[in-house]
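Colleague: Got a structure for you, entry.txt, holding compact mmCIF, C-alpha atoms.
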```txt
# COMPACT_ATOMS: atom_id res chain seq x y z
CA MET A 1 -59.31 -99.07 -32.82
CA PRO A 2 -56.48 -99.26 -35.41
CA LEU A 3 -53.48 -97.01 -34.80
CA ALA A 4 -54.02 -95.38 -38.24
CA THR A 5 -57.30 -93.87 -37.04
CA LEU A 6 -55.44 -91.89 -34.36
CA PHE A 7 -54.25 -89.51 -37.06
CA ALA A 8 -57.53 -89.29 -39.00
CA PRO A 9 -58.08 -85.57 -38.19
CA PHE A 10 -54.82 -84.70 -39.97
CA ARG A 11 -56.22 -86.00 -43.26
CA LYS A 12 -59.22 -83.63 -43.22
CA LEU A 13 -57.57 -80.27 -42.65
CA SER A 14 -60.03 -77.40 -43.08
CA ARG A 15 -60.89 -74.13 -41.32
CA ARG A 16 -63.92 -75.77 -39.67
CA ASN A 17 -61.87 -78.70 -38.40
CA ILE A 18 -59.15 -76.39 -37.07
CA PHE A 19 -61.73 -74.38 -35.10
CA LEU A 20 -63.32 -77.58 -33.78
CA PHE A 21 -59.92 -78.86 -32.65
CA LEU A 22 -59.14 -75.57 -30.89
CA ALA A 23 -62.55 -75.65 -29.18
CA LEU A 24 -61.96 -79.19 -27.88
CA LEU A 25 -58.29 -78.58 -27.03
CA GLY A 26 -57.39 -79.00 -23.39
CA PRO A 27 -57.86 -82.30 -21.54
CA GLY A 28 -55.20 -84.24 -23.46
CA ILE A 29 -52.53 -81.53 -23.56
CA ILE A 30 -53.07 -80.46 -19.94
CA THR A 31 -53.09 -83.99 -18.52
CA ALA A 32 -49.93 -85.09 -20.34
CA ASN A 33 -47.97 -81.93 -19.56
CA VAL A 34 -48.91 -81.84 -15.87
CA ASP A 35 -47.19 -85.20 -15.71
CA ASN A 36 -43.89 -83.32 -16.11
CA ASP A 37 -44.28 -82.09 -12.55
CA ALA A 38 -41.72 -81.65 -9.75
CA GLY A 39 -41.48 -85.39 -9.17
CA GLY A 40 -41.27 -86.04 -12.90
CA ILE A 41 -38.58 -83.40 -13.51
CA THR A 42 -36.62 -84.76 -10.54
CA THR A 43 -36.90 -88.31 -11.89
CA TYR A 44 -35.80 -87.33 -15.42
CA SER A 45 -32.98 -85.18 -14.01
CA LEU A 46 -31.74 -88.08 -11.88
CA ALA A 47 -32.00 -90.45 -14.87
CA GLY A 48 -29.75 -88.19 -16.96
CA ALA A 49 -27.38 -87.25 -14.12
CA GLN A 50 -26.90 -90.81 -12.81
CA PHE A 51 -27.16 -92.92 -15.98
CA GLY A 52 -26.26 -90.48 -18.75
CA LEU A 53 -28.00 -91.31 -22.03
CA SER A 54 -28.24 -95.05 -21.28
CA LEU A 55 -31.93 -94.95 -20.32
CA LEU A 56 -33.01 -92.56 -23.09
CA TRP A 57 -34.30 -95.42 -25.26
CA ILE A 58 -37.12 -95.99 -22.75
CA MET A 59 -38.79 -92.81 -24.03
CA LEU A 60 -39.75 -94.40 -27.36
CA PRO A 61 -41.83 -97.36 -26.08
CA THR A 62 -43.13 -95.19 -23.23
CA THR A 63 -44.47 -92.69 -25.79
CA VAL A 64 -46.44 -95.42 -27.56
CA ALA A 65 -47.80 -96.73 -24.26
CA LEU A 66 -48.70 -93.22 -23.06
CA VAL A 67 -50.66 -92.39 -26.24
CA VAL A 68 -52.55 -95.69 -26.12
CA VAL A 69 -53.42 -95.44 -22.41
CA GLN A 70 -54.52 -91.78 -22.53
CA GLU A 71 -56.53 -92.34 -25.72
CA MET A 72 -58.39 -95.23 -24.09
CA CYS A 73 -59.54 -93.27 -21.06
CA ALA A 74 -60.45 -90.21 -23.15
CA ARG A 75 -62.47 -92.47 -25.45
CA MET A 76 -64.29 -94.00 -22.47
CA GLY A 77 -65.19 -90.53 -21.22
CA ALA A 78 -66.53 -89.42 -24.62
CA VAL A 79 -68.53 -92.60 -25.23
CA THR A 80 -69.98 -93.16 -21.74
CA GLY A 81 -70.17 -89.56 -20.46
CA LYS A 82 -68.83 -90.85 -17.12
CA GLY A 83 -65.53 -90.61 -15.25
CA LEU A 84 -63.30 -93.62 -14.66
CA ALA A 85 -64.03 -93.84 -10.92
CA ASP A 86 -67.76 -93.72 -11.70
CA LEU A 87 -67.41 -96.65 -14.12
CA ILE A 88 -65.31 -98.63 -11.62
CA ARG A 89 -68.02 -98.24 -8.96
CA GLU A 90 -70.76 -99.34 -11.37
CA ARG A 91 -68.83 -102.33 -12.71
CA PHE A 92 -66.89 -103.61 -9.67
CA GLY A 93 -68.92 -102.35 -6.72
CA VAL A 94 -68.29 -100.03 -3.77
CA LYS A 95 -65.78 -102.28 -1.94
CA ILE A 96 -63.28 -102.51 -4.83
CA THR A 97 -63.79 -98.81 -5.57
CA PHE A 98 -63.05 -97.91 -1.94
CA TYR A 99 -59.70 -99.75 -1.90
CA VAL A 100 -58.68 -98.29 -5.28
CA MET A 101 -59.57 -94.79 -4.07
CA ILE A 102 -57.56 -95.19 -0.83
CA ALA A 103 -54.48 -96.40 -2.75
CA LEU A 104 -54.74 -93.51 -5.20
CA LEU A 105 -55.40 -90.97 -2.44
CA LEU A 106 -52.20 -91.93 -0.60
CA THR A 107 -50.18 -91.98 -3.82
CA ASN A 108 -51.49 -88.61 -4.93
CA LEU A 109 -50.92 -87.06 -1.52
CA GLY A 110 -47.23 -87.93 -1.85
CA ASN A 111 -47.25 -86.52 -5.38
CA THR A 112 -48.91 -83.27 -4.24
CA VAL A 113 -46.39 -82.85 -1.42
CA SER A 114 -43.65 -83.16 -4.04
CA GLU A 115 -45.22 -80.31 -6.04
CA PHE A 116 -44.96 -77.92 -3.11
CA ALA A 117 -41.41 -79.18 -2.56
CA GLY A 118 -40.76 -78.17 -6.17
CA ILE A 119 -42.25 -74.71 -5.57
CA ALA A 120 -40.04 -74.26 -2.50
CA ALA A 121 -36.86 -75.53 -4.18
CA SER A 122 -37.29 -73.49 -7.38
CA MET A 123 -38.02 -70.22 -5.58
CA GLU A 124 -35.11 -70.72 -3.17
CA LEU A 125 -32.88 -70.60 -6.26
CA PHE A 126 -34.14 -67.02 -6.68
CA GLY A 127 -33.59 -66.20 -3.00
CA VAL A 128 -37.22 -66.60 -1.88
CA SER A 129 -37.79 -68.51 1.37
CA LYS A 130 -40.11 -71.53 1.32
CA TYR A 131 -42.02 -69.92 4.20
CA VAL A 132 -43.08 -67.25 1.69
CA SER A 133 -43.34 -69.18 -1.59
CA VAL A 134 -45.25 -72.24 -0.34
CA PRO A 135 -48.11 -70.41 1.47
CA LEU A 136 -48.45 -67.97 -1.46
CA GLY A 137 -48.44 -70.86 -3.92
CA ALA A 138 -51.11 -72.68 -1.92
CA ILE A 139 -53.32 -69.57 -1.86
CA VAL A 140 -52.94 -69.02 -5.63
CA VAL A 141 -53.80 -72.68 -6.34
CA TRP A 142 -56.83 -72.60 -4.04
CA LEU A 143 -58.21 -69.35 -5.47
CA LEU A 144 -57.77 -70.46 -9.08
CA ILE A 145 -59.68 -73.71 -8.64
CA VAL A 146 -62.29 -72.69 -6.05
CA LYS A 147 -63.11 -69.26 -7.49
CA GLY A 148 -62.49 -69.93 -11.19
CA SER A 149 -64.69 -71.55 -13.83
CA TYR A 150 -63.65 -74.60 -15.86
CA ARG A 151 -63.06 -72.40 -18.92
CA ILE A 152 -60.78 -69.97 -17.04
CA VAL A 153 -58.88 -72.78 -15.30
CA GLU A 154 -58.32 -74.59 -18.60
CA LYS A 155 -56.97 -71.44 -20.30
CA VAL A 156 -54.52 -70.84 -17.43
CA PHE A 157 -53.35 -74.45 -17.65
CA LEU A 158 -52.85 -74.25 -21.43
CA VAL A 159 -50.70 -71.12 -21.05
CA ALA A 160 -48.66 -72.90 -18.36
CA CYS A 161 -47.90 -75.68 -20.87
CA LEU A 162 -45.99 -73.18 -23.04
CA VAL A 163 -43.40 -72.53 -20.29
CA TYR A 164 -42.05 -76.08 -20.73
CA VAL A 165 -40.08 -74.77 -23.73
CA ALA A 166 -37.48 -73.80 -21.10
CA TYR A 167 -36.19 -77.38 -20.98
CA PRO A 168 -35.48 -77.87 -24.72
CA VAL A 169 -33.68 -74.52 -24.67
CA ALA A 170 -31.60 -75.64 -21.65
CA ALA A 171 -30.77 -78.89 -23.44
CA PHE A 172 -29.46 -77.08 -26.54
CA MET A 173 -27.43 -74.75 -24.31
CA SER A 174 -25.77 -77.81 -22.73
CA GLY A 175 -24.22 -78.72 -26.12
CA PRO A 176 -24.72 -82.51 -26.24
CA ASP A 177 -23.33 -84.79 -28.93
CA TRP A 178 -26.52 -85.16 -30.98
CA GLY A 179 -25.17 -88.25 -32.72
CA GLU A 180 -24.84 -89.99 -29.36
CA VAL A 181 -28.30 -88.72 -28.37
CA LEU A 182 -29.87 -90.14 -31.53
CA LYS A 183 -28.18 -93.52 -31.05
CA ALA A 184 -29.16 -93.71 -27.37
CA SER A 185 -32.76 -92.92 -28.29
CA VAL A 186 -33.19 -96.16 -30.24
CA VAL A 187 -30.44 -98.52 -29.02
CA PRO A 188 -30.70 -99.88 -25.43
CA ASP A 189 -27.33 -99.68 -23.68
CA PHE A 190 -27.31 -100.14 -19.93
CA LYS A 191 -26.37 -102.55 -17.18
CA ILE A 192 -29.23 -104.03 -15.14
CA THR A 193 -28.68 -103.01 -11.53
CA PRO A 194 -31.10 -102.41 -8.64
CA ASP A 195 -30.76 -98.65 -9.16
CA ALA A 196 -31.39 -98.95 -12.90
CA VAL A 197 -34.51 -101.10 -12.41
CA THR A 198 -35.87 -98.67 -9.82
CA MET A 199 -35.16 -95.76 -12.15
CA MET A 200 -36.91 -97.51 -15.05
CA ILE A 201 -40.01 -98.02 -12.89
CA GLY A 202 -39.80 -94.39 -11.80
CA ILE A 203 -39.60 -93.16 -15.41
CA VAL A 204 -42.61 -95.23 -16.47
CA GLY A 205 -44.49 -94.29 -13.29
CA THR A 206 -43.93 -90.57 -13.71
CA THR A 207 -44.67 -90.65 -17.46
CA ILE A 208 -47.86 -92.73 -17.23
CA ALA A 209 -49.04 -91.87 -13.72
CA PRO A 210 -52.27 -93.51 -12.43
CA TRP A 211 -53.92 -90.16 -11.60
CA MET A 212 -53.69 -89.13 -15.28
CA GLN A 213 -56.30 -91.61 -16.42
CA PHE A 214 -58.84 -90.35 -13.88
CA TYR A 215 -58.19 -86.67 -14.56
CA GLN A 216 -58.17 -87.10 -18.34
CA GLN A 217 -61.51 -88.91 -18.39
CA ALA A 218 -63.12 -86.51 -15.89
CA SER A 219 -61.93 -83.52 -17.97
CA VAL A 220 -63.37 -85.00 -21.17
CA VAL A 221 -66.72 -85.49 -19.42
CA GLU A 222 -66.77 -82.01 -17.83
CA LYS A 223 -65.87 -80.38 -21.16
CA GLY A 224 -68.86 -82.13 -22.75
CA ILE A 225 -66.93 -84.03 -25.43
CA THR A 226 -69.00 -86.80 -27.08
CA LYS A 227 -68.25 -89.66 -29.44
CA GLU A 228 -69.51 -87.57 -32.37
CA ASN A 229 -66.64 -85.09 -32.08
CA TYR A 230 -64.11 -87.41 -30.48
CA ASN A 231 -61.66 -87.46 -33.42
CA PHE A 232 -60.53 -83.96 -32.46
CA SER A 233 -60.21 -84.85 -28.79
CA ARG A 234 -58.07 -87.81 -29.83
CA LEU A 235 -55.73 -85.41 -31.63
CA ASP A 236 -55.58 -83.35 -28.42
CA VAL A 237 -54.39 -86.50 -26.62
CA ILE A 238 -51.69 -87.23 -29.22
CA VAL A 239 -50.35 -83.66 -29.25
CA GLY A 240 -50.25 -83.58 -25.44
CA CYS A 241 -48.42 -86.90 -25.14
CA PHE A 242 -45.75 -85.90 -27.65
CA MET A 243 -45.27 -82.52 -25.96
CA ALA A 244 -44.77 -84.22 -22.59
CA ILE A 245 -42.30 -86.80 -23.91
CA ILE A 246 -40.28 -84.18 -25.81
CA VAL A 247 -39.87 -82.16 -22.59
CA ALA A 248 -38.85 -85.28 -20.64
CA PHE A 249 -36.40 -86.24 -23.41
CA PHE A 250 -34.65 -82.88 -23.27
CA ILE A 251 -34.42 -82.90 -19.46
CA VAL A 252 -32.56 -86.23 -19.61
CA VAL A 253 -30.33 -84.96 -22.43
CA ALA A 254 -29.47 -81.71 -20.61
CA CYS A 255 -28.48 -83.50 -17.39
CA ALA A 256 -26.63 -86.30 -19.20
CA ALA A 257 -24.56 -83.88 -21.31
CA THR A 258 -23.49 -81.82 -18.32
CA ILE A 259 -23.98 -83.25 -14.82
CA PHE A 260 -23.32 -86.92 -15.73
CA LYS A 261 -20.19 -86.08 -17.71
CA ALA A 262 -18.89 -83.89 -14.88
CA GLY A 263 -19.53 -86.67 -12.33
CA ILE A 264 -21.61 -84.43 -10.08
CA LYS A 265 -24.04 -86.08 -7.66
CA ILE A 266 -27.52 -84.56 -7.41
CA GLU A 267 -30.65 -85.48 -5.49
CA THR A 268 -33.31 -83.06 -6.80
CA ALA A 269 -34.23 -81.02 -9.85
CA ALA A 270 -33.12 -77.91 -7.93
CA ASP A 271 -29.67 -79.52 -7.49
CA ALA A 272 -29.66 -80.11 -11.25
CA ALA A 273 -30.37 -76.42 -11.87
CA LEU A 274 -27.52 -75.34 -9.57
CA ALA A 275 -25.13 -77.88 -11.10
CA LEU A 276 -25.73 -76.39 -14.55
CA THR A 277 -24.33 -72.97 -13.51
CA PRO A 278 -20.58 -73.79 -13.66
CA LEU A 279 -21.09 -76.17 -16.59
CA VAL A 280 -23.31 -74.14 -18.92
CA GLY A 281 -24.02 -70.77 -17.32
CA LYS A 282 -26.48 -68.93 -15.08
CA TYR A 283 -29.07 -68.63 -17.83
CA ALA A 284 -29.45 -72.41 -18.04
CA THR A 285 -29.90 -72.49 -14.26
CA GLY A 286 -32.59 -69.83 -14.52
CA LEU A 287 -34.41 -71.69 -17.29
CA PHE A 288 -34.34 -74.93 -15.31
CA ALA A 289 -35.59 -73.16 -12.17
CA ILE A 290 -38.40 -71.34 -14.03
CA GLY A 291 -39.47 -74.59 -15.63
CA LEU A 292 -39.48 -76.34 -12.24
CA PHE A 293 -41.56 -73.58 -10.61
CA ASN A 294 -44.09 -73.54 -13.45
CA ALA A 295 -44.38 -77.34 -13.47
CA SER A 296 -44.75 -77.51 -9.68
CA LEU A 297 -47.42 -74.79 -9.44
CA PHE A 298 -49.24 -76.23 -12.47
CA ALA A 299 -49.31 -79.74 -10.99
CA ALA A 300 -50.16 -78.45 -7.50
CA CYS A 301 -53.46 -77.36 -9.07
CA VAL A 302 -54.17 -80.48 -11.09
CA LEU A 303 -53.07 -83.33 -8.79
CA PRO A 304 -55.37 -82.50 -5.83
CA LEU A 305 -58.06 -81.61 -8.36
CA SER A 306 -57.76 -85.05 -9.97
CA THR A 307 -57.90 -86.65 -6.51
CA SER A 308 -61.10 -84.76 -5.71
CA TYR A 309 -62.54 -85.81 -9.08
CA TYR A 310 -62.01 -89.54 -8.72
CA ILE A 311 -62.92 -89.82 -5.04
CA CYS A 312 -66.17 -87.88 -5.52
CA GLU A 313 -66.95 -89.91 -8.64
CA GLY A 314 -66.23 -93.16 -6.83
CA LEU A 315 -68.46 -92.23 -3.89
CA GLY A 316 -71.21 -90.67 -6.00
CA TRP A 317 -70.77 -87.11 -4.68
CA GLU A 318 -71.30 -83.89 -6.66
CA LEU A 319 -68.17 -82.59 -8.34
CA GLY A 320 -66.84 -80.06 -10.88
CA VAL A 321 -64.88 -76.82 -11.07
CA ASP A 322 -67.97 -75.03 -12.40
CA LYS A 323 -69.82 -75.74 -9.14
CA ASP A 324 -69.33 -73.98 -5.81
CA PHE A 325 -68.97 -75.03 -2.16
CA ARG A 326 -72.75 -75.24 -1.65
CA GLU A 327 -73.28 -77.47 -4.71
CA ALA A 328 -70.23 -79.72 -4.24
CA PRO A 329 -68.99 -79.36 -0.63
CA GLN A 330 -67.12 -82.71 -0.49
CA PHE A 331 -65.33 -81.94 -3.77
CA PHE A 332 -64.01 -78.55 -2.66
CA TRP A 333 -63.31 -79.48 0.97
CA LEU A 334 -61.26 -82.48 -0.18
CA PHE A 335 -59.33 -80.25 -2.59
CA THR A 336 -58.74 -77.69 0.19
CA LEU A 337 -57.59 -80.36 2.66
CA LEU A 338 -55.11 -81.85 0.17
CA ILE A 339 -53.63 -78.40 -0.51
CA ALA A 340 -53.36 -77.57 3.20
CA VAL A 341 -51.78 -80.90 4.21
CA SER A 342 -49.34 -80.97 1.29
CA ALA A 343 -48.17 -77.39 1.78
CA GLY A 344 -47.95 -77.94 5.55
CA CYS A 345 -45.64 -80.94 5.09
CA ILE A 346 -43.14 -78.78 3.22
CA LEU A 347 -43.05 -76.24 6.06
CA LEU A 348 -42.14 -78.93 8.63
CA PRO A 349 -38.43 -78.79 9.51
CA GLY A 350 -36.52 -81.89 8.42
CA ALA A 351 -39.28 -83.32 6.19
CA PRO A 352 -37.74 -85.99 3.87
CA LEU A 353 -38.66 -84.14 0.67
CA ILE A 354 -36.20 -85.91 -1.62
CA ALA A 355 -37.46 -89.34 -0.61
CA ILE A 356 -41.10 -88.23 -1.00
CA MET A 357 -40.51 -86.83 -4.50
CA PHE A 358 -38.73 -89.88 -5.92
CA ILE A 359 -40.54 -92.66 -4.07
CA SER A 360 -43.93 -91.22 -5.07
CA GLN A 361 -42.97 -91.75 -8.72
CA VAL A 362 -41.87 -95.35 -8.08
CA VAL A 363 -45.17 -96.01 -6.26
CA ASN A 364 -46.96 -94.59 -9.32
CA GLY A 365 -45.22 -97.21 -11.44
CA ALA A 366 -46.17 -100.00 -9.04
CA VAL A 367 -49.87 -98.95 -8.87
CA LEU A 368 -50.18 -98.32 -12.62
CA PRO A 369 -50.67 -101.97 -13.76
CA PHE A 370 -53.72 -102.42 -11.53
CA VAL A 371 -55.36 -99.26 -12.90
CA LEU A 372 -54.61 -100.39 -16.46
CA ILE A 373 -56.12 -103.84 -15.85
CA ILE A 374 -59.35 -102.22 -14.64
CA MET A 375 -59.35 -99.88 -17.66
CA LEU A 376 -58.84 -102.78 -20.08
CA LEU A 377 -61.73 -104.72 -18.58
CA LEU A 378 -63.97 -101.68 -18.93
CA ILE A 379 -63.00 -100.58 -22.43
CA ASN A 380 -63.34 -104.10 -23.84
CA ASP A 381 -66.89 -104.40 -22.50
CA ARG A 382 -69.07 -104.10 -25.61
CA ARG A 383 -72.17 -103.46 -23.48
CA LEU A 384 -70.45 -100.32 -22.20
CA MET A 385 -68.48 -99.18 -25.27
CA GLY A 386 -70.42 -100.63 -28.23
CA ASP A 387 -68.32 -100.30 -31.41
CA PHE A 388 -65.72 -98.23 -29.55
CA VAL A 389 -64.11 -101.21 -27.79
CA ASN A 390 -60.36 -101.71 -28.22
CA LYS A 391 -59.00 -103.37 -31.30
CA ALA A 392 -56.25 -105.98 -31.04
CA THR A 393 -53.33 -103.52 -31.49
CA PHE A 394 -54.36 -101.37 -28.54
CA ASN A 395 -54.95 -104.41 -26.33
CA ILE A 396 -51.53 -105.86 -27.15
CA ILE A 397 -49.74 -102.59 -26.31
CA ALA A 398 -51.74 -102.01 -23.13
CA TRP A 399 -51.35 -105.57 -21.83
CA ALA A 400 -47.62 -105.52 -22.67
CA THR A 401 -47.31 -102.34 -20.58
CA VAL A 402 -49.06 -104.08 -17.67
CA VAL A 403 -46.82 -107.16 -17.85
CA ILE A 404 -43.55 -105.22 -18.21
CA VAL A 405 -44.24 -102.78 -15.35
CA MET A 406 -45.45 -105.58 -13.06
CA ALA A 407 -42.33 -107.63 -13.85
CA LEU A 408 -40.04 -104.69 -13.09
CA THR A 409 -41.92 -104.01 -9.85
CA VAL A 410 -41.63 -107.65 -8.73
CA VAL A 411 -37.89 -107.65 -9.47
CA MET A 412 -37.41 -104.39 -7.57
CA THR A 413 -39.41 -105.69 -4.57
CA LEU A 414 -37.48 -108.97 -4.46
CA ASP A 415 -34.18 -107.09 -4.52
CA ILE A 416 -35.33 -104.94 -1.59
CA ILE A 417 -36.41 -108.00 0.45
CA PHE A 418 -33.51 -110.20 -0.69
CA PRO A 419 -30.58 -107.90 -1.57
CA GLY A 420 -28.52 -109.24 -4.45
CA THR A 421 -31.49 -110.75 -6.32
CA ILE A 422 -30.88 -108.70 -9.46
CA ALA A 423 -27.16 -109.48 -9.43
CA TRP A 424 -28.01 -113.19 -9.06
CA MET A 425 -30.53 -113.01 -11.94
CA MET A 426 -27.86 -111.40 -14.14
CA GLY A 427 -25.35 -114.12 -13.24
CA ARG A 428 -23.01 -111.78 -11.37
```
Show me this structure written as structure tokens.
Modeller:
Amino acid sequence: MPLATLFAPFRKLSRRNIFLFLALLGPGIITANVDNDAGGITTYSLAGAQFGLSLLWIMLPTTVALVVVQEMCARMGAVTGKGLADLIRERFGVKITFYVMIALLLTNLGNTVSEFAGIAASMELFGVSKYVSVPLGAIVVWLLIVKGSYRIVEKVFLVACLVYVAYPVAAFMSGPDWGEVLKASVVPDFKITPDAVTMMIGIVGTTIAPWMQFYQQASVVEKGITKENYNFSRLDVIVGCFMAIIVAFFIVVACAATIFKAGIKIETAADAALALTPLVGKYATGLFAIGLFNASLFAACVLPLSTSYYICEGLGWELGVDKDFREAPQFFWLFTLLIAVSAGCILLPGAPLIAIMFISQVVNGAVLPFVLIIMLLLINDRRLMGDFVNKATFNIIAWATVVIVMALTVVMTLDIIFPGTIAWMMGR
């Protein structure tokens, strides 16, 4: 599919098309914005606080890769009417599906724990104990998904996306040098170190997380989007991806312009919020904390939901928010268990929350290439996709993403096993 066709809906602007777009709005915007969760905000905050603007250029190629990857899985859902896990089981068999599901379950469990860590950290900034905020958050999440319909859940999620405006506002309040920001956005300027390589993998992993492909495709299927009206769903994907990247961009800018320049060390997004108080003012801290709470609660709904989707798809069980416990018991019990375990981990004294939040994003980056390879094999199968198979441009971008992330992961792993590998590769 040529890149020009991504923007086809813009060329046929009419009242009917606007209403169709609004009716199909949801899966793309929700999926991309949930990716700016507690782990994501922590990763972007650390990138800005530790490396300044030097890694900002990564956002541009990552945006292209994100749009291509999310468009592919949304297109597969619209054309086949099946979720990604369902297609993996049919094409590669139960054994491969089982191992993929286990890897994704463990990765997503770490991600979900980080969301409740984000809820705890953000509310503590307002003086609320985690022993109050986390159980209440878990109850709200459970009631919304288990007792709500798909239409209600989607509307709540779309409203939650609007709260992300807090981060661009915080960035402008930080008063960066916009000339430097513009230059850093397009000109790579950094030293390759073990920390920088790990951070690059973390940024890619949190921006294009493996769970996103499964949730996006499952949402397209549950919403009933077909190939006949897919142009508008494609626009939903594009808008969502750009919204997510813009938020990530401003988080890096805000932390680079303040925390990095002040030489303050931080370990979490909550630390970033506190560090902004003496540098910018209490309002910036409040905005950062509100954004973190919204993102964490939002993702605490979607991440375990996406896990339930792909595991039930992969194993052939009934699933869907519009069903109830009697119709889809495995789906809802799995969702409930993930919520309970994740929230429980946060209430354990001495739990290594910082490590869980950051490492989960790096693991996302390491798992991503294998999910993309499976997706590419599926979407290029003409028996499955017909005329909707990938064109050369999409394949080049997707395969380049696979190769680059795998290369970075190998380098990072070698440096962990054999310290000094990166320094040796750089001739230092």
Colleague: Quick check, in Å to one decimal: how far apart do CA of Ile41 in chain A and CA of Tyr167 in chain A lie?
Modeller: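 Distance between the two atoms: 9.9 Å.
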Colleague: Please report, as CSV, each residue of range 232-334 of chain A lying at most 12 Å from range 116-120 of chain A, together with the nearest pair of atoms and the separation in Å rounded to one decimal; use only C-alpha atoms, and order rows by chain and ascending residue number.
Modeller:
```
residue,atom,partner,partner_atom,distance
A:Thr268,CA,A:Gly118,CA,8.9
A:Ala269,CA,A:Gly118,CA,8.0
A:Ala270,CA,A:Gly118,CA,7.8
A:Asp271,CA,A:Gly118,CA,11.2
A:Ala273,CA,A:Gly118,CA,12.0
A:Phe288,CA,A:Gly118,CA,11.6
A:Ala289,CA,A:Gly118,CA,9.4
A:Ile290,CA,A:Ile119,CA,9.9
A:Gly291,CA,A:Gly118,CA,10.2
A:Leu292,CA,A:Gly118,CA,6.5
A:Phe293,CA,A:Ile119,CA,5.2
A:Asn294,CA,A:Ile119,CA,8.2
A:Ala295,CA,A:Gly118,CA,8.2
A:Ser296,CA,A:Gly118,CA,5.4
A:Leu297,CA,A:Ile119,CA,6.5
A:Phe298,CA,A:Ile119,CA,9.9
A:Ala299,CA,A:Phe116,CA,9.2
A:Ala300,CA,A:Phe116,CA,6.8
A:Cys301,CA,A:Phe116,CA,10.4
A:Leu303,CA,A:Phe116,CA,11.3
A:Pro304,CA,A:Phe116,CA,11.7
```
Colleague: Suppose you want the space between CA of Gly77 in chain A and CA of Gln217 in chain A; what is it in Å?
Modeller: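 Pair CA of Gly77 in chain A / CA of Gln217 in chain A returns 4.9 Å.
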Colleague: Could you tell me how far CA of Gly202 in chain A lies from CA of Ser45 in chain A, in Å and to one decimal?
Modeller: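 Pair CA of Gly202 in chain A / CA of Ser45 in chain A returns 11.7 Å.
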Colleague: Val69 in chain A: which residues within 12 Å, counting all atoms listed in the file, same-chain residues fewer than 6 positions away excluded, as a VMD selection string?
Modeller: chain A and resid 28 32 62 to 63 75 to 76 207 to 210 212 to 214 216 to 217 234 237 to 238 241 368 to 369 371 to 376 379 390 394 to 402
Colleague: Here is a test: counting only C-alpha atoms, which residue of A:Tyr44, A:Phe51, A:Phe388, A:Phe325 is nearest to Lys261 in chain A?
Modeller: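 The shortest atom-to-atom distance to Lys261 in chain A comes from A:Phe51.
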Colleague: Please identify all polymer residues within 12 Å of Tyr99 in chain A, counting all atoms listed in the file, omitting same-chain residues fewer than 6 positions from it, and present them as an MDAnalysis selection string.
Modeller: chainID A and resid 85 88:89 92:93 105:106 311 314:315 370:371
Colleague: Please provide the set of residues having any atom within 8 Å of range 183-190 of chain A, restricted to all atoms listed in the file, with same-chain residues fewer than 3 positions apart removed, written as a PDB file with C-alpha atoms, keeping the file's coordinate frame.
Modeller:
```pdb
ATOM      1  CA  LEU A  53     -28.000 -91.310 -22.030  1.00  0.00           C
ATOM      2  CA  SER A  54     -28.240 -95.050 -21.280  1.00  0.00           C
ATOM      3  CA  LEU A  55     -31.930 -94.950 -20.320  1.00  0.00           C
ATOM      4  CA  LEU A  56     -33.010 -92.560 -23.090  1.00  0.00           C
ATOM      5  CA  TRP A  57     -34.300 -95.420 -25.260  1.00  0.00           C
ATOM      6  CA  ILE A  58     -37.120 -95.990 -22.750  1.00  0.00           C
ATOM      7  CA  MET A  59     -38.790 -92.810 -24.030  1.00  0.00           C
ATOM      8  CA  LEU A  60     -39.750 -94.400 -27.360  1.00  0.00           C
ATOM      9  CA  GLY A 179     -25.170 -88.250 -32.720  1.00  0.00           C
ATOM     10  CA  GLU A 180     -24.840 -89.990 -29.360  1.00  0.00           C
TER      11      GLU A 180
END
```
Colleague: Give the answer as one residue: which of A:Val411, A:Leu109, A:Leu377, A:Cys255 has the shortest atom-to-atom distance to Cys73 in chain A, using all atoms listed in the file?
Modeller: A:Leu377
Colleague: Let me make sure I understand: among A:Met123, A:Val220, A:Val181, A:Val204, which one has the smallest atom-to-atom distance to Glu71 in chain A if we use only C-alpha atoms?
Modeller: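 For Glu71 in chain A, the nearest of the given residues is A:Val220.
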Colleague: Centre and edge lengths of an axis-aligned box around all listed atoms of range 164-169 of chain A, with 3 Å added on each side, are to be given in Å to one decimal, as AutoDock Vina command-line options.
Modeller:
```
--center_x -37.9 --center_y -75.8 --center_z -22.7 --size_x 14.4 --size_y 10.1 --size_z 10.0
```
Colleague: Please output range 272-276 of chain A, rebuilt to include N, CA and C atoms, as a short mmCIF file (atom, residue, chain, number, x, y, z; two decimals), in the coordinates of the input.
Modeller:
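Done, and the output landed in out.cif:
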```
data_model
loop_
_atom_site.label_atom_id
_atom_site.label_comp_id
_atom_site.auth_asym_id
_atom_site.auth_seq_id
_atom_site.Cartn_x
_atom_site.Cartn_y
_atom_site.Cartn_z
N ALA A 272 -30.02 -80.07 -9.82
CA ALA A 272 -29.66 -80.11 -11.25
C ALA A 272 -29.52 -78.70 -11.79
N ALA A 273 -30.43 -77.82 -11.41
CA ALA A 273 -30.37 -76.42 -11.87
C ALA A 273 -29.09 -75.75 -11.39
N LEU A 274 -28.74 -75.94 -10.12
CA LEU A 274 -27.52 -75.34 -9.57
C LEU A 274 -26.27 -75.92 -10.23
N ALA A 275 -26.29 -77.23 -10.51
CA ALA A 275 -25.13 -77.88 -11.10
C ALA A 275 -24.87 -77.38 -12.51
N LEU A 276 -25.90 -76.87 -13.18
CA LEU A 276 -25.73 -76.39 -14.55
C LEU A 276 -24.97 -75.06 -14.61
#
```
